[in-house]
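Report on the following structure.
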Amino acid sequence: MLLLTYHKRSGSLLYRGARKQYINSFILSHFYGIMPYYQAWEEFARAAEKLYLTDPMKVRVVLKYRHCDGNLCIKVTDDAVCLQYKTDQAQDVKKIEKLHGKLMRLMVSKESHSGAMETD
């Protein structure tokens with residue numbers, strides 16, 4: 001049985017009363033066509049790494065900068081789950097660059113992906 005609750009204030013779906021952002025993003029993007037943005041960088045980075053490690057061959061990473069708005073957006077998707085984070089803060093650019101570099105190193109490495117994220 002799937003128990004979903006819509007939280008009006010945060011705009012997210014709750015799965016069995018526990019906050020599972022990964023499942024929320026999947027449900028919103030797959031069934032409703034909505035791609036929510038993460039508010040906290042730590043949650044986004046953790047979910048992006050987890051998504052990449054589940055199936056490295058399907059995951060895409062897109063960086064987009066809009067000069068007119070001054071926004072930098074990073075999107076990590078595997079066509080079933082879409083994770084997005086948007087910022088206009090300069091200090092967040094370094095965090096995005098670090099995560100992007102980490103994911104790119106994993107994509108080109110020949111060794112197993114299982115223990116690579118824990119060592120960084």
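Chains: A, B, ... in order of the structure tokens. Residues: from 1 per chain. Ligands: from 1, in order shown.
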Note to self: Set the distance at 10 Å and use only C-alpha atoms: which residues neighbour Val62 of chain A once local chain neighbours fewer than 4 positions away are removed? I'd like the list as a PyMOL selection string.
What the structure shows: chain A and resi 73-77+84+100
Got a sec: who's within 12 Å of Tyr85 of chain A, counting only C-alpha atoms, leaving out chain neighbours fewer than 3 positions off, as a short mmCIF file (atom, residue, chain, number, x, y, z; two decimals) with C-alpha atoms, in the first residue's frame?
```cif
data_model
loop_
_atom_site.label_atom_id
_atom_site.label_comp_id
_atom_site.auth_asym_id
_atom_site.auth_seq_id
_atom_site.Cartn_x
_atom_site.Cartn_y
_atom_site.Cartn_z
CA MET A 35 10.32 18.96 -11.54
CA PRO A 36 10.82 20.49 -8.08
CA TYR A 37 13.97 22.34 -7.01
CA TYR A 38 15.80 21.31 -3.86
CA GLN A 39 16.10 24.04 -1.23
CA ALA A 40 19.06 22.56 0.69
CA TRP A 41 22.36 21.83 -1.06
CA GLU A 42 23.26 18.88 1.17
CA GLU A 43 20.01 17.06 0.35
CA PHE A 44 20.50 17.67 -3.36
CA ALA A 45 24.14 16.51 -3.39
CA ALA A 47 20.35 12.53 -3.71
CA ALA A 48 22.38 13.22 -6.87
CA VAL A 61 24.12 15.99 -15.60
CA VAL A 62 23.17 19.37 -17.06
CA LEU A 63 24.52 22.76 -15.96
CA LYS A 64 22.71 25.86 -17.17
CA TYR A 65 23.56 29.50 -16.50
CA ASN A 71 20.96 31.91 -11.93
CA LEU A 72 22.98 28.72 -12.17
CA CYS A 73 20.94 25.52 -12.36
CA ILE A 74 22.20 21.95 -12.09
CA LYS A 75 19.96 19.07 -13.13
CA VAL A 76 20.71 15.37 -12.55
CA THR A 77 18.32 12.95 -14.22
CA CYS A 82 14.79 14.49 -12.09
CA ASP A 88 22.18 32.87 -7.57
CA GLN A 89 24.75 32.87 -4.75
CA ASP A 92 27.15 27.87 -4.15
CA VAL A 93 29.00 27.89 -7.47
CA LYS A 95 29.81 23.55 -4.30
CA ILE A 96 28.22 22.84 -7.67
CA LEU A 99 29.94 17.95 -7.12
#
```
Margin query: Based on the backbone DSSP call, show me all residues of segment 25-102 of chain A assigned strand (DSSP E or B), as a list of chain:residue names.
Written below: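 Taking segment 25-102 of chain A and keeping strand (DSSP E or B) gives A:Tyr37, A:Tyr38, A:Arg60, A:Val61, A:Val62, A:Leu63, A:Lys64, A:Tyr65, A:Arg66, A:Asn71, A:Leu72, A:Cys73, A:Ile74, A:Lys75, A:Val76, A:Thr77, A:Cys82, A:Leu83, A:Gln84, A:Tyr85, A:Lys86, A:Thr87.
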Once you have the residues from the selection above, write them out as an mmCIF file, in the first residue's frame, restricted to N, CA, C and O atoms.
```
data_model
loop_
_atom_site.group_PDB
_atom_site.id
_atom_site.type_symbol
_atom_site.label_atom_id
_atom_site.label_comp_id
_atom_site.auth_asym_id
_atom_site.auth_seq_id
_atom_site.Cartn_x
_atom_site.Cartn_y
_atom_site.Cartn_z
ATOM 1 N N TYR A 37 12.605 21.960 -7.357
ATOM 2 C CA TYR A 37 13.972 22.342 -7.013
ATOM 3 C C TYR A 37 14.219 22.029 -5.547
ATOM 4 O O TYR A 37 13.359 22.246 -4.706
ATOM 5 N N TYR A 38 15.403 21.525 -5.243
ATOM 6 C CA TYR A 38 15.800 21.306 -3.856
ATOM 7 C C TYR A 38 16.128 22.654 -3.230
ATOM 8 O O TYR A 38 16.712 23.522 -3.867
ATOM 9 N N ARG A 60 22.301 11.620 -16.488
ATOM 10 C CA ARG A 60 22.824 12.789 -17.195
ATOM 11 C C ARG A 60 22.915 13.947 -16.213
ATOM 12 O O ARG A 60 22.090 14.081 -15.321
ATOM 13 N N VAL A 61 23.930 14.792 -16.417
ATOM 14 C CA VAL A 61 24.119 15.986 -15.597
ATOM 15 C C VAL A 61 24.119 17.186 -16.532
ATOM 16 O O VAL A 61 24.859 17.214 -17.507
ATOM 17 N N VAL A 62 23.279 18.173 -16.225
ATOM 18 C CA VAL A 62 23.171 19.368 -17.058
ATOM 19 C C VAL A 62 23.397 20.594 -16.184
ATOM 20 O O VAL A 62 22.774 20.739 -15.133
ATOM 21 N N LEU A 63 24.300 21.468 -16.612
ATOM 22 C CA LEU A 63 24.521 22.761 -15.963
ATOM 23 C C LEU A 63 24.015 23.844 -16.890
ATOM 24 O O LEU A 63 24.320 23.828 -18.085
ATOM 25 N N LYS A 64 23.243 24.781 -16.349
ATOM 26 C CA LYS A 64 22.706 25.859 -17.169
ATOM 27 C C LYS A 64 22.850 27.186 -16.421
ATOM 28 O O LYS A 64 22.459 27.290 -15.264
ATOM 29 N N TYR A 65 23.417 28.174 -17.098
ATOM 30 C CA TYR A 65 23.563 29.504 -16.505
ATOM 31 C C TYR A 65 22.752 30.497 -17.321
ATOM 32 O O TYR A 65 22.884 30.558 -18.539
ATOM 33 N N ARG A 66 21.912 31.260 -16.646
ATOM 34 C CA ARG A 66 21.131 32.320 -17.311
ATOM 35 C C ARG A 66 21.688 33.658 -16.848
ATOM 36 O O ARG A 66 21.516 34.047 -15.702
ATOM 37 N N ASN A 71 21.216 33.198 -12.572
ATOM 38 C CA ASN A 71 20.958 31.908 -11.931
ATOM 39 C C ASN A 71 21.788 30.807 -12.562
ATOM 40 O O ASN A 71 21.928 30.750 -13.787
ATOM 41 N N LEU A 72 22.302 29.924 -11.722
ATOM 42 C CA LEU A 72 22.977 28.722 -12.166
ATOM 43 C C LEU A 72 22.136 27.542 -11.713
ATOM 44 O O LEU A 72 21.761 27.445 -10.546
ATOM 45 N N CYS A 73 21.805 26.663 -12.645
ATOM 46 C CA CYS A 73 20.941 25.518 -12.357
ATOM 47 C C CYS A 73 21.693 24.242 -12.703
ATOM 48 O O CYS A 73 22.329 24.160 -13.753
ATOM 49 N N ILE A 74 21.646 23.266 -11.817
ATOM 50 C CA ILE A 74 22.195 21.947 -12.095
ATOM 51 C C ILE A 74 21.055 20.945 -12.029
ATOM 52 O O ILE A 74 20.220 20.995 -11.129
ATOM 53 N N LYS A 75 21.011 20.078 -13.042
ATOM 54 C CA LYS A 75 19.960 19.069 -13.125
ATOM 55 C C LYS A 75 20.622 17.712 -13.296
ATOM 56 O O LYS A 75 21.477 17.536 -14.158
ATOM 57 N N VAL A 76 20.227 16.742 -12.470
ATOM 58 C CA VAL A 76 20.709 15.374 -12.552
ATOM 59 C C VAL A 76 19.487 14.500 -12.773
ATOM 60 O O VAL A 76 18.545 14.537 -11.978
ATOM 61 N N THR A 77 19.493 13.734 -13.874
ATOM 62 C CA THR A 77 18.317 12.948 -14.215
ATOM 63 C C THR A 77 18.701 11.612 -14.827
ATOM 64 O O THR A 77 19.768 11.485 -15.423
ATOM 65 N N CYS A 82 14.131 13.243 -11.702
ATOM 66 C CA CYS A 82 14.786 14.493 -12.085
ATOM 67 C C CYS A 82 15.051 15.316 -10.821
ATOM 68 O O CYS A 82 14.122 15.700 -10.127
ATOM 69 N N LEU A 83 16.328 15.575 -10.545
ATOM 70 C CA LEU A 83 16.729 16.353 -9.373
ATOM 71 C C LEU A 83 17.287 17.681 -9.856
ATOM 72 O O LEU A 83 18.121 17.712 -10.758
ATOM 73 N N GLN A 84 16.824 18.792 -9.268
ATOM 74 C CA GLN A 84 17.271 20.110 -9.696
ATOM 75 C C GLN A 84 17.630 20.971 -8.501
ATOM 76 O O GLN A 84 17.004 20.874 -7.444
ATOM 77 N N TYR A 85 18.634 21.836 -8.726
ATOM 78 C CA TYR A 85 19.030 22.815 -7.710
ATOM 79 C C TYR A 85 19.370 24.103 -8.440
ATOM 80 O O TYR A 85 20.115 24.096 -9.422
ATOM 81 N N LYS A 86 18.824 25.218 -7.967
ATOM 82 C CA LYS A 86 19.060 26.508 -8.598
ATOM 83 C C LYS A 86 19.574 27.489 -7.555
ATOM 84 O O LYS A 86 19.091 27.507 -6.428
ATOM 85 N N THR A 87 20.560 28.319 -7.960
ATOM 86 C CA THR A 87 21.113 29.299 -7.038
ATOM 87 C C THR A 87 21.545 30.548 -7.781
ATOM 88 O O THR A 87 21.805 30.506 -8.983
#
```
All helix (DSSP H, G or I) positions in segment 30-65 of chain A, as an mmCIF file with C-alpha atoms, in the first residue's frame:
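Wrote result-v1.cif, looks like this:
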```cif
data_model
loop_
_atom_site.group_PDB
_atom_site.id
_atom_site.type_symbol
_atom_site.label_atom_id
_atom_site.label_comp_id
_atom_site.auth_asym_id
_atom_site.auth_seq_id
_atom_site.Cartn_x
_atom_site.Cartn_y
_atom_site.Cartn_z
ATOM 1 C CA HIS A 30 6.929 10.977 -13.362
ATOM 2 C CA PHE A 31 3.229 11.242 -12.603
ATOM 3 C CA TRP A 41 22.355 21.834 -1.064
ATOM 4 C CA GLU A 42 23.261 18.883 1.173
ATOM 5 C CA GLU A 43 20.013 17.062 0.349
ATOM 6 C CA PHE A 44 20.499 17.669 -3.362
ATOM 7 C CA ALA A 45 24.138 16.514 -3.392
ATOM 8 C CA ARG A 46 23.297 13.354 -1.439
ATOM 9 C CA ALA A 47 20.345 12.529 -3.709
ATOM 10 C CA ALA A 48 22.378 13.216 -6.874
ATOM 11 C CA GLU A 49 25.193 10.913 -5.755
ATOM 12 C CA LYS A 50 22.696 8.207 -4.810
ATOM 13 C CA LEU A 51 20.935 8.539 -8.158
ATOM 14 C CA TYR A 52 24.224 8.265 -10.043
ATOM 15 C CA LEU A 53 25.351 5.207 -8.101
ATOM 16 C CA THR A 54 22.079 3.345 -8.743
#
```
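Of the residues under consideration (A:Ala80, A:Ala90, A:Asp55, A:His67), A:Asp55 shows the shortest atom-to-atom contact distance to Met107 of chain A when counting only C-alpha atoms.
Our summary of the geometry notes that atom CA of Arg105 of chain A is positioned 12.0 Å from atom CA of Pro56 of chain A.
With atom CA of Lys94 of chain A on one side and atom CA of Ser109 of chain A on the other, the separation reads 22.4 Å.
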